[in-house]
Structure formats: C-alpha cells, structure tokens
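Visitor: Next up, query.txt (compact mmCIF, N, CA and C atoms).
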# COMPACT_ATOMS: atom_id res chain seq x y z
N MET A 82 10.69 153.38 84.25
CA MET A 82 11.16 152.43 83.27
C MET A 82 10.00 151.95 82.41
N ILE A 83 8.86 151.73 83.04
CA ILE A 83 7.69 151.24 82.30
C ILE A 83 7.27 152.26 81.24
N GLU A 84 7.42 153.54 81.53
CA GLU A 84 7.03 154.57 80.58
C GLU A 84 7.81 154.45 79.27
N SER A 85 9.06 153.99 79.36
CA SER A 85 9.85 153.84 78.14
C SER A 85 9.36 152.67 77.29
N PHE A 86 8.62 151.74 77.88
CA PHE A 86 8.09 150.60 77.14
C PHE A 86 6.75 150.91 76.46
N LEU A 87 6.06 151.95 76.93
CA LEU A 87 4.72 152.25 76.42
C LEU A 87 4.66 152.42 74.90
N PRO A 88 5.50 153.26 74.30
CA PRO A 88 5.40 153.42 72.84
C PRO A 88 5.69 152.12 72.09
N LYS A 89 6.65 151.36 72.57
CA LYS A 89 7.01 150.11 71.89
C LYS A 89 5.87 149.11 71.95
N ILE A 90 5.28 148.92 73.13
CA ILE A 90 4.18 147.97 73.27
C ILE A 90 2.97 148.43 72.46
N SER A 91 2.67 149.72 72.52
CA SER A 91 1.53 150.25 71.77
C SER A 91 1.70 150.05 70.27
N GLU A 92 2.90 150.32 69.79
CA GLU A 92 3.16 150.16 68.36
C GLU A 92 3.08 148.70 67.94
N GLU A 93 3.69 147.81 68.73
CA GLU A 93 3.70 146.39 68.39
C GLU A 93 2.29 145.80 68.37
N LEU A 94 1.45 146.24 69.30
CA LEU A 94 0.10 145.67 69.42
C LEU A 94 -0.95 146.50 68.69
N GLY A 95 -0.55 147.62 68.10
CA GLY A 95 -1.48 148.45 67.34
C GLY A 95 -2.54 149.11 68.19
N MET A 96 -2.15 149.63 69.34
CA MET A 96 -3.09 150.29 70.25
C MET A 96 -2.65 151.71 70.51
N GLN A 97 -3.56 152.47 71.10
CA GLN A 97 -3.21 153.81 71.50
C GLN A 97 -2.41 153.75 72.80
N ILE A 98 -1.55 154.72 73.00
CA ILE A 98 -0.70 154.75 74.19
C ILE A 98 -1.55 154.84 75.45
N GLN A 99 -2.66 155.58 75.39
CA GLN A 99 -3.52 155.71 76.57
C GLN A 99 -4.10 154.37 76.98
N GLN A 100 -4.50 153.54 76.00
CA GLN A 100 -5.04 152.22 76.31
C GLN A 100 -3.98 151.34 76.97
N THR A 101 -2.80 151.38 76.42
CA THR A 101 -1.71 150.58 76.97
C THR A 101 -1.34 151.05 78.38
N ALA A 102 -1.25 152.36 78.56
CA ALA A 102 -0.88 152.91 79.87
C ALA A 102 -1.93 152.57 80.92
N ALA A 103 -3.20 152.68 80.55
CA ALA A 103 -4.27 152.37 81.50
C ALA A 103 -4.26 150.89 81.87
N SER A 104 -4.03 150.04 80.89
CA SER A 104 -3.98 148.60 81.16
C SER A 104 -2.82 148.25 82.08
N ILE A 105 -1.67 148.82 81.82
CA ILE A 105 -0.49 148.56 82.65
C ILE A 105 -0.72 149.07 84.07
N LYS A 106 -1.33 150.22 84.19
CA LYS A 106 -1.61 150.79 85.52
C LYS A 106 -2.56 149.87 86.29
N LEU A 107 -3.61 149.41 85.64
CA LEU A 107 -4.57 148.53 86.31
C LEU A 107 -3.95 147.17 86.67
N LEU A 108 -3.08 146.67 85.80
CA LEU A 108 -2.38 145.41 86.10
C LEU A 108 -1.44 145.60 87.30
N ALA A 109 -0.77 146.74 87.34
CA ALA A 109 0.15 147.02 88.44
C ALA A 109 -0.59 147.17 89.77
N GLU A 110 -1.82 147.63 89.71
CA GLU A 110 -2.62 147.77 90.92
C GLU A 110 -3.21 146.46 91.40
N GLY A 111 -2.95 145.38 90.65
CA GLY A 111 -3.41 144.06 91.08
C GLY A 111 -4.64 143.55 90.36
N GLY A 112 -5.10 144.25 89.37
CA GLY A 112 -6.27 143.80 88.62
C GLY A 112 -5.92 142.60 87.75
N THR A 113 -6.85 141.68 87.65
CA THR A 113 -6.64 140.52 86.79
C THR A 113 -7.11 140.87 85.38
N VAL A 114 -6.68 140.08 84.43
CA VAL A 114 -7.03 140.34 83.04
C VAL A 114 -8.55 140.29 82.84
N PRO A 115 -9.26 139.26 83.32
CA PRO A 115 -10.71 139.24 83.12
C PRO A 115 -11.42 140.42 83.80
N PHE A 116 -10.97 140.78 84.99
CA PHE A 116 -11.59 141.90 85.71
C PHE A 116 -11.43 143.19 84.93
N ILE A 117 -10.23 143.45 84.45
CA ILE A 117 -9.98 144.68 83.71
C ILE A 117 -10.80 144.71 82.42
N ALA A 118 -10.85 143.58 81.72
CA ALA A 118 -11.59 143.52 80.46
C ALA A 118 -13.09 143.72 80.67
N ARG A 119 -13.63 143.22 81.76
CA ARG A 119 -15.07 143.30 81.99
C ARG A 119 -15.51 144.59 82.68
N TYR A 120 -14.77 145.00 83.71
CA TYR A 120 -15.25 146.09 84.56
C TYR A 120 -14.50 147.40 84.43
N ARG A 121 -13.46 147.45 83.65
CA ARG A 121 -12.70 148.69 83.48
C ARG A 121 -12.59 149.09 82.01
N LYS A 122 -13.65 148.82 81.26
CA LYS A 122 -13.65 149.14 79.83
C LYS A 122 -13.50 150.64 79.59
N GLU A 123 -14.08 151.45 80.48
CA GLU A 123 -14.00 152.90 80.30
C GLU A 123 -12.57 153.39 80.44
N ALA A 124 -11.78 152.73 81.28
CA ALA A 124 -10.38 153.16 81.49
C ALA A 124 -9.48 152.68 80.36
N THR A 125 -9.75 151.49 79.84
CA THR A 125 -8.87 150.91 78.83
C THR A 125 -9.32 151.19 77.41
N GLY A 126 -10.45 151.83 77.24
CA GLY A 126 -10.92 152.11 75.89
C GLY A 126 -11.59 150.91 75.25
N GLY A 127 -12.02 149.97 76.08
CA GLY A 127 -12.78 148.83 75.58
C GLY A 127 -11.95 147.72 74.96
N ILE A 128 -10.68 147.62 75.28
CA ILE A 128 -9.89 146.52 74.71
C ILE A 128 -10.27 145.20 75.40
N ASP A 129 -10.08 144.11 74.70
CA ASP A 129 -10.52 142.81 75.20
C ASP A 129 -9.43 142.10 76.00
N GLU A 130 -9.82 140.92 76.52
CA GLU A 130 -8.90 140.14 77.37
C GLU A 130 -7.62 139.76 76.64
N VAL A 131 -7.73 139.40 75.38
CA VAL A 131 -6.56 138.97 74.61
C VAL A 131 -5.54 140.11 74.51
N ALA A 132 -6.02 141.31 74.25
CA ALA A 132 -5.12 142.45 74.14
C ALA A 132 -4.48 142.79 75.49
N ILE A 133 -5.26 142.70 76.56
CA ILE A 133 -4.71 142.99 77.89
C ILE A 133 -3.66 141.95 78.27
N ALA A 134 -3.95 140.69 77.97
CA ALA A 134 -2.96 139.63 78.25
C ALA A 134 -1.70 139.84 77.41
N ALA A 135 -1.85 140.28 76.18
CA ALA A 135 -0.69 140.54 75.32
C ALA A 135 0.14 141.68 75.89
N ILE A 136 -0.52 142.72 76.41
CA ILE A 136 0.19 143.84 77.03
C ILE A 136 0.96 143.34 78.25
N ARG A 137 0.30 142.55 79.10
CA ARG A 137 0.94 142.02 80.31
C ARG A 137 2.16 141.17 79.95
N ASP A 138 2.01 140.28 78.97
CA ASP A 138 3.11 139.39 78.59
C ASP A 138 4.28 140.15 77.97
N ARG A 139 3.97 141.10 77.09
CA ARG A 139 5.04 141.86 76.44
C ARG A 139 5.77 142.74 77.44
N LEU A 140 5.04 143.30 78.39
CA LEU A 140 5.67 144.11 79.44
C LEU A 140 6.63 143.25 80.26
N ALA A 141 6.22 142.04 80.60
CA ALA A 141 7.09 141.13 81.35
C ALA A 141 8.34 140.78 80.55
N GLN A 142 8.18 140.55 79.25
CA GLN A 142 9.33 140.24 78.40
C GLN A 142 10.31 141.41 78.36
N LEU A 143 9.78 142.60 78.19
CA LEU A 143 10.65 143.77 78.10
C LEU A 143 11.35 144.06 79.42
N GLN A 144 10.66 143.84 80.54
CA GLN A 144 11.30 144.05 81.84
C GLN A 144 12.41 143.02 82.07
N THR A 145 12.16 141.77 81.69
CA THR A 145 13.18 140.73 81.81
C THR A 145 14.39 141.06 80.95
N LEU A 146 14.14 141.50 79.73
CA LEU A 146 15.23 141.88 78.83
C LEU A 146 16.04 143.03 79.41
N GLU A 147 15.36 144.03 79.96
CA GLU A 147 16.06 145.19 80.53
C GLU A 147 16.87 144.80 81.76
N ASP A 148 16.32 143.93 82.60
CA ASP A 148 17.06 143.47 83.79
C ASP A 148 18.31 142.70 83.38
N ARG A 149 18.18 141.83 82.39
CA ARG A 149 19.32 141.05 81.92
C ARG A 149 20.35 141.95 81.26
N ARG A 150 19.87 142.94 80.51
CA ARG A 150 20.78 143.88 79.84
C ARG A 150 21.63 144.62 80.87
N SER A 151 21.02 145.05 81.97
CA SER A 151 21.79 145.77 82.99
C SER A 151 22.75 144.83 83.71
N ALA A 152 22.35 143.57 83.92
CA ALA A 152 23.25 142.61 84.56
C ALA A 152 24.46 142.30 83.67
N VAL A 153 24.22 142.15 82.38
CA VAL A 153 25.31 141.88 81.43
C VAL A 153 26.26 143.07 81.38
N THR A 154 25.71 144.27 81.30
CA THR A 154 26.54 145.47 81.24
C THR A 154 27.38 145.61 82.51
N LYS A 155 26.77 145.37 83.65
CA LYS A 155 27.50 145.47 84.92
C LYS A 155 28.63 144.44 84.98
N SER A 156 28.35 143.21 84.54
CA SER A 156 29.36 142.15 84.55
C SER A 156 30.55 142.52 83.65
N LEU A 157 30.25 143.05 82.47
CA LEU A 157 31.33 143.43 81.56
C LEU A 157 32.12 144.62 82.07
N GLU A 158 31.45 145.56 82.72
CA GLU A 158 32.16 146.72 83.29
C GLU A 158 33.09 146.29 84.41
N GLU A 159 32.64 145.36 85.24
CA GLU A 159 33.47 144.90 86.37
C GLU A 159 34.74 144.23 85.89
N ARG A 160 34.67 143.57 84.73
CA ARG A 160 35.84 142.86 84.21
C ARG A 160 36.57 143.66 83.14
N ASN A 161 36.22 144.94 82.99
CA ASN A 161 36.85 145.85 82.03
C ASN A 161 36.83 145.32 80.60
N LEU A 162 35.71 144.75 80.19
CA LEU A 162 35.58 144.20 78.84
C LEU A 162 34.59 144.99 77.99
N LEU A 163 33.95 145.99 78.57
CA LEU A 163 32.91 146.73 77.86
C LEU A 163 33.53 147.77 76.94
N THR A 164 33.29 147.62 75.66
CA THR A 164 33.73 148.59 74.66
C THR A 164 32.51 149.34 74.15
N ASP A 165 32.74 150.41 73.41
CA ASP A 165 31.62 151.18 72.86
C ASP A 165 30.80 150.34 71.88
N THR A 166 31.49 149.56 71.06
CA THR A 166 30.79 148.71 70.09
C THR A 166 29.94 147.67 70.80
N LEU A 167 30.51 147.05 71.82
CA LEU A 167 29.78 146.03 72.57
C LEU A 167 28.60 146.65 73.32
N ALA A 168 28.79 147.83 73.88
CA ALA A 168 27.70 148.52 74.58
C ALA A 168 26.56 148.85 73.62
N ASN A 169 26.89 149.29 72.40
CA ASN A 169 25.86 149.56 71.40
C ASN A 169 25.12 148.29 71.02
N SER A 170 25.84 147.22 70.84
CA SER A 170 25.21 145.94 70.49
C SER A 170 24.26 145.48 71.59
N ILE A 171 24.69 145.64 72.82
CA ILE A 171 23.85 145.24 73.96
C ILE A 171 22.60 146.11 74.02
N GLN A 172 22.73 147.42 73.81
CA GLN A 172 21.58 148.32 73.86
C GLN A 172 20.60 148.05 72.72
N ASN A 173 21.11 147.62 71.58
CA ASN A 173 20.26 147.39 70.41
C ASN A 173 19.67 145.99 70.35
N ALA A 174 20.06 145.11 71.25
CA ALA A 174 19.51 143.75 71.26
C ALA A 174 18.03 143.82 71.60
N ASP A 175 17.20 143.26 70.72
CA ASP A 175 15.76 143.37 70.92
C ASP A 175 15.13 142.10 71.48
N THR A 176 15.90 141.03 71.60
CA THR A 176 15.39 139.81 72.23
C THR A 176 16.42 139.30 73.24
N LEU A 177 15.94 138.49 74.15
CA LEU A 177 16.82 137.91 75.17
C LEU A 177 17.84 136.97 74.53
N ALA A 178 17.42 136.23 73.52
CA ALA A 178 18.33 135.31 72.84
C ALA A 178 19.46 136.07 72.15
N ARG A 179 19.12 137.18 71.49
CA ARG A 179 20.15 137.97 70.80
C ARG A 179 21.12 138.58 71.82
N LEU A 180 20.60 139.01 72.96
CA LEU A 180 21.45 139.57 74.02
C LEU A 180 22.42 138.51 74.54
N GLU A 181 21.92 137.31 74.77
CA GLU A 181 22.79 136.22 75.25
C GLU A 181 23.83 135.84 74.21
N ASP A 182 23.47 135.89 72.92
CA ASP A 182 24.44 135.60 71.87
C ASP A 182 25.57 136.63 71.85
N ILE A 183 25.23 137.88 72.10
CA ILE A 183 26.25 138.94 72.14
C ILE A 183 27.17 138.74 73.35
N TYR A 184 26.59 138.33 74.46
CA TYR A 184 27.34 138.18 75.73
C TYR A 184 28.16 136.89 75.79
N LEU A 185 27.79 135.90 75.02
CA LEU A 185 28.41 134.57 75.12
C LEU A 185 29.94 134.56 75.05
N PRO A 186 30.58 135.23 74.10
CA PRO A 186 32.06 135.16 74.06
C PRO A 186 32.74 135.74 75.30
N ASP A 187 32.10 136.69 75.96
CA ASP A 187 32.71 137.33 77.13
C ASP A 187 32.14 136.83 78.45
N LYS A 188 31.25 135.86 78.38
CA LYS A 188 30.63 135.34 79.59
C LYS A 188 31.67 134.57 80.40
N PRO A 189 31.72 134.81 81.72
CA PRO A 189 32.71 134.09 82.53
C PRO A 189 32.41 132.59 82.53
N LYS A 190 33.46 131.84 82.38
CA LYS A 190 33.32 130.38 82.35
C LYS A 190 33.25 129.84 83.77
N ARG A 191 32.63 128.69 83.91
CA ARG A 191 32.53 128.06 85.22
C ARG A 191 33.92 127.59 85.66
N ARG A 192 34.24 127.87 86.91
CA ARG A 192 35.53 127.46 87.45
C ARG A 192 35.38 126.08 88.08
N THR A 193 35.97 125.10 87.45
CA THR A 193 35.94 123.74 87.98
C THR A 193 37.24 123.47 88.73
N LYS A 194 37.31 122.31 89.37
CA LYS A 194 38.54 121.94 90.07
C LYS A 194 39.69 121.79 89.09
N ALA A 195 39.38 121.33 87.89
CA ALA A 195 40.42 121.17 86.87
C ALA A 195 40.99 122.52 86.44
N THR A 196 40.15 123.51 86.24
CA THR A 196 40.67 124.82 85.84
C THR A 196 41.48 125.46 86.96
N ILE A 197 41.07 125.25 88.20
CA ILE A 197 41.84 125.78 89.33
C ILE A 197 43.20 125.11 89.40
N ALA A 198 43.25 123.79 89.15
CA ALA A 198 44.52 123.06 89.16
C ALA A 198 45.43 123.55 88.03
N ARG A 199 44.86 123.80 86.85
CA ARG A 199 45.66 124.31 85.74
C ARG A 199 46.24 125.69 86.08
N GLU A 200 45.41 126.53 86.73
CA GLU A 200 45.89 127.85 87.11
C GLU A 200 47.05 127.76 88.11
N LYS A 201 47.06 126.72 88.91
CA LYS A 201 48.14 126.54 89.88
C LYS A 201 49.36 125.86 89.28
N GLY A 202 49.28 125.50 88.00
CA GLY A 202 50.43 124.93 87.30
C GLY A 202 50.58 123.43 87.48
N LEU A 203 49.52 122.72 87.69
CA LEU A 203 49.58 121.27 87.90
C LEU A 203 49.35 120.47 86.64
N LYS A 204 49.25 121.12 85.49
CA LYS A 204 48.99 120.38 84.25
C LYS A 204 50.14 119.43 83.88
N PRO A 205 51.41 119.84 84.00
CA PRO A 205 52.48 118.90 83.67
C PRO A 205 52.45 117.64 84.54
N LEU A 206 52.13 117.81 85.82
CA LEU A 206 52.02 116.65 86.72
C LEU A 206 50.89 115.73 86.26
N ALA A 207 49.77 116.30 85.91
CA ALA A 207 48.63 115.49 85.46
C ALA A 207 48.98 114.75 84.18
N THR A 208 49.70 115.40 83.28
CA THR A 208 50.10 114.76 82.03
C THR A 208 50.99 113.56 82.32
N LYS A 209 51.94 113.72 83.22
CA LYS A 209 52.84 112.61 83.56
C LYS A 209 52.07 111.48 84.22
N LEU A 210 51.14 111.79 85.07
CA LEU A 210 50.35 110.74 85.73
C LEU A 210 49.47 109.99 84.73
N PHE A 211 48.90 110.71 83.77
CA PHE A 211 48.06 110.05 82.78
C PHE A 211 48.88 109.20 81.81
N GLU A 212 50.12 109.57 81.59
CA GLU A 212 50.99 108.79 80.70
C GLU A 212 51.61 107.61 81.43
N ASN A 213 51.28 107.45 82.71
CA ASN A 213 51.80 106.36 83.55
C ASN A 213 53.32 106.34 83.60
N GLN A 214 53.89 107.48 83.78
CA GLN A 214 55.34 107.55 83.95
C GLN A 214 55.62 107.21 85.41
N THR A 215 56.01 105.98 85.64
CA THR A 215 56.24 105.53 87.02
C THR A 215 57.57 106.00 87.58
N SER A 216 58.41 106.56 86.73
CA SER A 216 59.71 107.00 87.22
C SER A 216 59.64 108.29 88.03
N CYS A 217 58.51 108.97 88.00
CA CYS A 217 58.43 110.23 88.73
C CYS A 217 57.70 110.03 90.05
N ASP A 218 58.11 110.81 91.05
CA ASP A 218 57.44 110.82 92.34
C ASP A 218 56.40 111.93 92.32
N PRO A 219 55.10 111.60 92.42
CA PRO A 219 54.05 112.62 92.30
C PRO A 219 54.18 113.77 93.32
N GLU A 220 54.60 113.46 94.53
CA GLU A 220 54.68 114.51 95.55
C GLU A 220 55.80 115.50 95.23
N SER A 221 56.93 115.02 94.80
CA SER A 221 58.03 115.94 94.47
C SER A 221 57.71 116.75 93.21
N GLU A 222 57.01 116.12 92.27
CA GLU A 222 56.60 116.85 91.07
C GLU A 222 55.58 117.92 91.41
N ALA A 223 54.67 117.62 92.35
CA ALA A 223 53.65 118.58 92.76
C ALA A 223 54.27 119.79 93.44
N HIS A 224 55.30 119.58 94.23
CA HIS A 224 55.97 120.71 94.90
C HIS A 224 56.72 121.56 93.89
N ALA A 225 57.23 120.95 92.85
CA ALA A 225 57.95 121.71 91.82
C ALA A 225 56.98 122.62 91.10
Since I need it in another form, could you write the structure as structure tokens?

Guide:
Amino acid sequence: MIESFLPKISEELGMQIQQTAASIKLLAEGGTVPFIARYRKEATGGIDEVAIAAIRDRLAQLQTLEDRRSAVTKSLEERNLLTDTLANSIQNADTLARLEDIYLPDKPKRRTKATIAREKGLKPLATKLFENQTSCDPESEAHA
C-alpha cells in the first residue's frame, strides 16, 4: 500500500522517488527524523529534517485517508447503498474532509431511545401524552 503513495508524496514534495522511498523505509524501521537527517544522508540523498518530517506526516495522512475510505466503502456495501457513482466519488476524494462530506448523507444515524420508540409505533401515544389528553389510558394506548 505504501508503494502506491510514493509517487504522490514525491510529486507533492518535489523529491525523487528514491529519496522518498528511502526515508519511508528508514522511518518504518524505527529511525527518528533527526537520526535519519544526520546519519543516513547517503540513503536519503541528503534531504533535511523538514523534508523527512513532511514525508512522515503526509504518509500518515494518506494512510488515514485510505483506512477511512475502506471503512466507508465497507459500510456502504453492507447496507447495499454503494453505487458506481458513489464508489467513484469515494475513490477520487483527496482529503478526509471531502470523503466525510461524500459519506454524510448515507452515514448511519445514531439510534436513540426515541428513534427505537418511533420504530415500534409509539409516536401517536407520545403525541397524546404531550397534548395532555387525560381521556386516554396510556397503558391501553401502548398495547394498541
């Protein structure tokens, strides 16, 4: 998965792919940004701490975006809401905010006690109780 991010990160930061790949490899092996910048210049092509930190941060952003994209796609597939147009929009979303905006209309709503009661058909009873209709027996209305 990281290999698919290499060209994008390199292009965005204006670096060679080899520099980006070497930096990501060293970061994955547990190297810190200052260590890589000072002692692994031959591997990274001499890029500085700022560039290495930018690579690390952008990689984290892209991984987060990809994880969220797969979670959104899975959620929509489970509820049979995924269309070709929606799938294309999700794949083309380049930021987390844009992805969430695409997902928002189809995002499952929180189930509260009120929504569960409405699903069970208790809304007419609640309406009568709120209107203070004392002529009705709440228990008999609830059974109806």

Visitor: Kindly give the distance, in Å, that separates atom CA of A:Ala102 and atom CA of A:Leu87, rounded to a single decimal.

Guide: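 Going from atom CA of A:Ala102 over to atom CA of A:Leu87, I get 6.6 Å.
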
Visitor: Residues within 12 Å of stretch 148-152 of chain A, please, as a list in words. Count only C-alpha atoms; anything in the same chain fewer than 3 positions from it doesn't count.

Guide: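 The filter keeps Met82, Ala141, Gln142, Leu143, Gln144, Thr145, Lys155, Ser156, Leu157, Glu158, Glu159, Leu167, Ala168, Asn169, Ser170, Ile171, Gln172, Asn173, Ala174, Asp175, Thr176, Leu177, Ala178, Arg179, Leu180, Glu181, Ile183, Tyr184 and Lys188 of chain A.
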
Visitor: State, in Å with one decimal place, the distance from atom N of A:Arg121 to atom N of A:Leu146.

Guide: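 If I compute the distance from atom N of A:Arg121 to atom N of A:Leu146, I get 28.5 Å.
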
Visitor: Rank A:Asp187, A:Ala103, A:Gly112, A:Ala135 by their smallest atom-to-atom distance to A:Ile90, using only N, CA and C atoms, and report the top residue only.

Guide: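 Nearest candidate to A:Ile90 out of A:Asp187, A:Ala103, A:Gly112, A:Ala135: A:Ala135.
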
Visitor: What's the separation between atom CA of A:Glu93 and atom CA of A:Val114, in Å to one decimal place?

Guide: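 Separation between atom CA of A:Glu93 and atom CA of A:Val114: 19.1 Å.
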
Visitor: Check the smallest atom-to-atom distance from each of A:Gly111, A:Ile105, A:Glu123, A:Asn161 to A:Ile136 using only C-alpha atoms, then report the winner.

Guide: A:Ile105

Visitor: Using the file's own x, y and z axes, what box holds all listed atoms of stretch 121-124 of chain A with 6 Å on each side, keeping edges along x, y and z, and what are its centre and edge lengths in Å to one decimal, as lines of an AutoDock Vina configuration file?

Guide:
center_x = -11.8
center_y = 150.4
center_z = 81.6
size_x = 16.6
size_y = 17.9
size_z = 16.1

Visitor: As a PyMOL selection string, please: the residues near A:Ala118 (cut-off 8 Å, only C-alpha atoms, same-chain neighbours under 4 positions excluded).

Guide: chain A and resi 114+122+127-130+133
